[in-house]
Structures are given as structure tokens and as C-alpha cells.
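A.B. asks: File target_35.pdb below, PDB, C-alpha atoms:
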```
ATOM      1  CA  MET Q   1     -42.958  15.195  10.031
ATOM      2  CA  GLU Q   2     -40.206  13.238   8.273
ATOM      3  CA  THR Q   3     -38.544  10.353  10.127
ATOM      4  CA  GLU Q   4     -34.830   9.628   9.985
ATOM      5  CA  ARG Q   5     -34.357   6.591   7.721
ATOM      6  CA  ARG Q   6     -31.113   5.542   9.408
ATOM      7  CA  GLN Q   7     -31.443   3.990  12.836
ATOM      8  CA  CYS Q   8     -27.716   3.854  13.661
ATOM      9  CA  ARG Q   9     -25.414   6.772  12.934
ATOM     10  CA  SER Q  10     -21.827   7.690  13.633
ATOM     11  CA  SER Q  11     -19.748  10.819  13.154
ATOM     12  CA  SER Q  12     -16.661   8.613  12.728
ATOM     13  CA  PRO Q  13     -16.188   7.822   9.004
ATOM     14  CA  GLY Q  14     -14.803   4.358   9.791
ATOM     15  CA  GLN Q  15     -17.767   3.434  11.971
ATOM     16  CA  ALA Q  16     -20.198   5.021   9.519
ATOM     17  CA  VAL Q  17     -18.832   2.861   6.668
ATOM     18  CA  GLY Q  18     -19.245  -0.244   8.838
ATOM     19  CA  LEU Q  19     -22.824   0.694   9.720
ATOM     20  CA  TYR Q  20     -23.616   1.377   6.072
ATOM     21  CA  LEU Q  21     -22.188  -1.981   4.965
ATOM     22  CA  GLN Q  22     -24.185  -3.746   7.716
ATOM     23  CA  SER Q  23     -27.310  -2.138   6.297
ATOM     24  CA  VAL Q  24     -26.414  -3.186   2.742
ATOM     25  CA  ALA Q  25     -25.735  -6.770   3.862
ATOM     26  CA  ARG Q  26     -28.994  -6.960   5.803
ATOM     27  CA  ARG Q  27     -31.095  -5.560   2.927
ATOM     28  CA  ALA Q  28     -29.478  -7.846   0.336
ATOM     29  CA  GLY Q  29     -29.292 -10.960   2.537
ATOM     30  CA  MET Q  30     -25.516 -11.161   2.129
ATOM     31  CA  ARG Q  31     -23.407 -13.563   4.154
ATOM     32  CA  ALA Q  32     -20.608 -10.959   4.248
ATOM     33  CA  ILE Q  33     -19.520  -7.729   2.572
ATOM     34  CA  ALA Q  34     -16.071  -6.141   2.768
ATOM     35  CA  LEU Q  35     -14.546  -2.864   1.657
ATOM     36  CA  ALA Q  36     -10.844  -3.310   0.876
ATOM     37  CA  ASP Q  37      -8.061  -1.017  -0.224
ATOM     38  CA  GLU Q  38      -6.096  -1.904  -3.347
ATOM     39  CA  GLN Q  39      -3.572  -3.903  -1.283
ATOM     40  CA  GLY Q  40      -6.391  -6.115  -0.002
ATOM     41  CA  LEU Q  41      -6.486  -4.711   3.520
ATOM     42  CA  LEU Q  42      -9.894  -4.650   5.138
ATOM     43  CA  VAL Q  43     -11.244  -1.124   5.633
ATOM     44  CA  ALA Q  44     -14.697  -2.089   6.945
ATOM     45  CA  GLY Q  45     -17.305  -4.758   6.523
ATOM     46  CA  SER Q  46     -20.166  -6.784   7.833
ATOM     47  CA  GLY Q  47     -19.724 -10.429   8.744
ATOM     48  CA  GLU Q  48     -17.332 -12.623  10.685
ATOM     49  CA  ASN Q  49     -13.922 -10.902  11.064
ATOM     50  CA  GLN Q  50     -11.706 -13.659   9.647
ATOM     51  CA  LEU Q  51     -14.022 -14.102   6.669
ATOM     52  CA  LEU Q  52     -13.990 -10.332   6.041
ATOM     53  CA  GLU Q  53     -10.191 -10.220   6.000
ATOM     54  CA  GLN Q  54     -10.071 -13.131   3.559
ATOM     55  CA  LEU Q  55     -12.819 -11.621   1.416
ATOM     56  CA  ALA Q  56     -10.998  -8.266   1.286
ATOM     57  CA  ALA Q  57      -7.752  -9.928   0.209
ATOM     58  CA  VAL Q  58      -9.431 -12.081  -2.447
ATOM     59  CA  GLY Q  59     -11.526  -9.176  -3.752
ATOM     60  CA  ALA Q  60      -8.480  -6.942  -4.230
ATOM     61  CA  ALA Q  61      -6.419  -9.754  -5.782
ATOM     62  CA  ARG Q  62      -9.267 -10.479  -8.188
ATOM     63  CA  GLU Q  63      -9.479  -6.821  -9.223
ATOM     64  CA  ALA Q  64      -5.711  -6.731  -9.816
ATOM     65  CA  ASP Q  65      -5.803 -10.216 -11.405
ATOM     66  CA  ALA Q  66      -2.902 -11.050  -9.103
ATOM     67  CA  GLY Q  67      -1.844 -14.351  -7.641
ATOM     68  CA  PRO Q  68      -3.954 -17.494  -7.386
ATOM     69  CA  TRP Q  69      -7.128 -15.562  -6.580
ATOM     70  CA  ARG Q  70      -9.423 -18.104  -8.244
ATOM     71  CA  GLN Q  71      -8.301 -20.878  -5.918
ATOM     72  CA  LEU Q  72      -8.484 -18.569  -2.890
ATOM     73  CA  LEU Q  73     -11.936 -17.399  -3.928
ATOM     74  CA  ALA Q  74     -13.185 -20.988  -4.082
ATOM     75  CA  GLU Q  75     -11.842 -21.582  -0.565
ATOM     76  CA  VAL Q  76     -13.326 -18.377   0.857
ATOM     77  CA  ALA Q  77     -16.687 -18.371  -0.940
ATOM     78  CA  GLY Q  78     -17.542 -22.039  -0.671
ATOM     79  CA  ASP Q  79     -21.090 -22.411  -2.024
ATOM     80  CA  SER Q  80     -21.864 -18.680  -1.757
ATOM     81  CA  VAL Q  81     -22.022 -16.509  -4.856
ATOM     82  CA  PHE Q  82     -19.175 -13.960  -4.962
ATOM     83  CA  LYS Q  83     -19.780 -10.405  -6.115
ATOM     84  CA  GLY Q  84     -16.997  -7.873  -6.563
ATOM     85  CA  TYR Q  85     -16.900  -4.281  -7.678
ATOM     86  CA  PRO Q  86     -13.990  -1.823  -8.039
ATOM     87  CA  LEU Q  87     -14.474   1.635  -6.537
ATOM     88  CA  SER Q  88     -12.690   4.944  -6.896
ATOM     89  CA  ILE Q  89     -13.214   7.299  -3.985
ATOM     90  CA  GLY Q  90     -11.338  10.569  -3.828
ATOM     91  CA  GLY Q  91      -8.783   9.292  -6.332
ATOM     92  CA  LEU Q  92      -8.063   6.165  -4.264
ATOM     93  CA  CYS Q  93      -8.824   2.633  -5.427
ATOM     94  CA  PHE Q  94     -10.947   0.286  -3.337
ATOM     95  CA  CYS Q  95     -13.086  -2.746  -3.975
ATOM     96  CA  VAL Q  96     -16.229  -4.117  -2.419
ATOM     97  CA  ALA Q  97     -16.462  -7.886  -2.206
ATOM     98  CA  ALA Q  98     -19.594  -9.705  -1.070
ATOM     99  CA  LEU Q  99     -20.822 -13.246  -0.559
ATOM    100  CA  GLY Q 100     -24.384 -14.328  -1.210
ATOM    101  CA  GLY Q 101     -27.501 -12.217  -1.302
ATOM    102  CA  THR Q 102     -29.193 -10.361  -4.091
ATOM    103  CA  ASP Q 103     -27.558  -7.963  -6.522
ATOM    104  CA  MET Q 104     -27.187  -4.421  -5.287
ATOM    105  CA  PRO Q 105     -26.897  -1.164  -7.252
ATOM    106  CA  TRP Q 106     -23.100  -0.866  -7.006
ATOM    107  CA  CYS Q 107     -23.077   2.726  -8.271
ATOM    108  CA  GLU Q 108     -25.300   3.696  -5.312
ATOM    109  CA  ILE Q 109     -22.958   1.893  -2.922
ATOM    110  CA  GLU Q 110     -19.978   3.706  -4.443
ATOM    111  CA  ASP Q 111     -21.760   7.067  -4.125
ATOM    112  CA  ALA Q 112     -22.764   6.411  -0.504
ATOM    113  CA  LEU Q 113     -19.274   5.283   0.504
ATOM    114  CA  GLY Q 114     -17.808   8.322  -1.240
ATOM    115  CA  ARG Q 115     -20.103  10.647   0.711
ATOM    116  CA  ILE Q 116     -19.225   8.952   3.992
ATOM    117  CA  LEU Q 117     -15.470   8.901   3.435
ATOM    118  CA  ARG Q 118     -15.293  12.480   2.149
ATOM    119  CA  ALA Q 119     -17.269  13.807   5.141
TER     120      ALA Q 119
END
```
Rewrite the structure of this file - the entire thing - as C-alpha cells.
C.D. replies:
Amino acid sequence: METERRQCRSSSPGQAVGLYLQSVARRAGMRAIALADEQGLLVAGSGENQLLEQLAAVGAAREADAGPWRQLLAEVAGDSVFKGYPLSIGGLCFCVAALGGTDMPWCEIEDALGRILRA
């Protein structure tokens, strides 16, 4: 008999994205991970709320190369390593921004988020 690999599930796409990002952060040892829309608004994430909002804004600004994102990144990241990745899901632009932890297979994260958000 096969066991369900996911311990927490949700039929709500928003909650499901949050649960998925919590799992990614836990597996990679990340301090925080945020999914942002192209305007830098937080869609979902794992970590302290204020940090997630800042991380979302900085991640989107970095992708757009807009504003003083380098200075903001230094303030938000501190000593943590920043990782950012642009995503296209259903023709919409997003970015994932993370602090700390090990590298993750971003294409797998993009695929998983696409499956969740298109459900």
C-alpha cells in the first residue's frame, strides 16, 4: 500500500501554495521563501510575515531591475544568501525569492506551483 507523501493538504489554491512553500523551506533549510506577483505583492510564503512582504517586494524589483533593489536586498537579507527565480504560470509573471538554505531545483518548484495554481 502506498502512503500519501504530503502530510498537510488543502483544496484552496492559496493555502496549498503556502503549504508547498513551507515544505520547500523546511527541506532546504531556508529562513524564508516568498512567491510574489510582478508588482512585488506577496502571494504566499513561509517565514515571518513582515520579512515575507519585504522579500516579495525586493524579489520582484530585482527581477524588473527597478529601483534601489540592491540596497533594499542588503537590508532585507542581512547575512543570509538571497536566491531569486522568475516564474511564468498560466501566462502570468511571478518570482520566488528565498533567504538561506540549500539550492533547490527551481524548475520543479515552478512546475509544482503551476499545478497548484491551475487546479
A.B. asks: Go through Q:Cys95, Q:Asn49, Q:Ala44, Q:Asp65 and flag the residue nearest Leu19 in chain Q, using all atoms listed in the file for the distances.
C.D. replies: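 Of the candidates, the smallest distance to Leu19 in chain Q is held by Q:Ala44.
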A.B. asks: Using the chain letters and numbering of this document, enumerate as a PyMOL selection string the residues selected by the PyMOL selection byres ((chain Q and resi 52) around 12).
C.D. replies: chain Q and resi 18+21+31-36+40-51+53-59+76-77+96-99
A.B. asks: Interatomic distance between CA of Pro105 in chain Q and CA of Leu87 in chain Q?
C.D. replies: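 One can read the CA of Pro105 in chain Q to CA of Leu87 in chain Q distance as 12.8 Å.
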A.B. asks: Using all atoms listed in the file, which of Q:Ile89, Q:Ala61, Q:Glu108, Q:Leu113 sits nearest Gln15 in chain Q?
C.D. replies: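 Selected residue with least distance to Gln15 in chain Q: Q:Leu113.
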A.B. asks: Between CA of Asp103 in chain Q and CA of Arg62 in chain Q, what is the spacing in Å?
C.D. replies: 18.5 Å
A.B. asks: Using the chain letters and numbering of this document, enumerate as a PyMOL selection string the residues selected by the PyMOL selection byres ((chain Q and resi 38) around 6).
C.D. replies: chain Q and resi 37+39-40+60+93-94
A.B. asks: For the point (-32.0, -5.8, 2.0) in file coordinates, what residues are within 12 Å, counting all atoms listed in the file? Give the answer as a count of residues only?
C.D. replies: 18
A.B. asks: Would you compute the distance between CA of Tyr85 in chain Q and CA of Glu63 in chain Q? Give it in Å to one decimal.
C.D. replies: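 So the two atoms, CA of Tyr85 in chain Q and CA of Glu63 in chain Q, lie 8.0 Å apart.
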A.B. asks: Would you compute, for all listed atoms of range 24-36 of chain Q, the axis-aligned bounding box grown by 8 Å on each side, and then report its centre and edge lengths in Å rounded to one decimal, as AutoDock Vina command-line options?
C.D. replies:
```
--center_x -21.0 --center_y -8.2 --center_z 3.1 --size_x 36.3 --size_y 26.7 --size_z 21.5
```
A.B. asks: May I ask which of the residues Q:Ala112, Q:Val17, Q:Leu72, Q:Leu117 is the closest one to Leu92 in chain Q, counting only C-alpha atoms?
C.D. replies: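 Counting only C-alpha atoms, the residue closest to Leu92 in chain Q is Q:Leu117.
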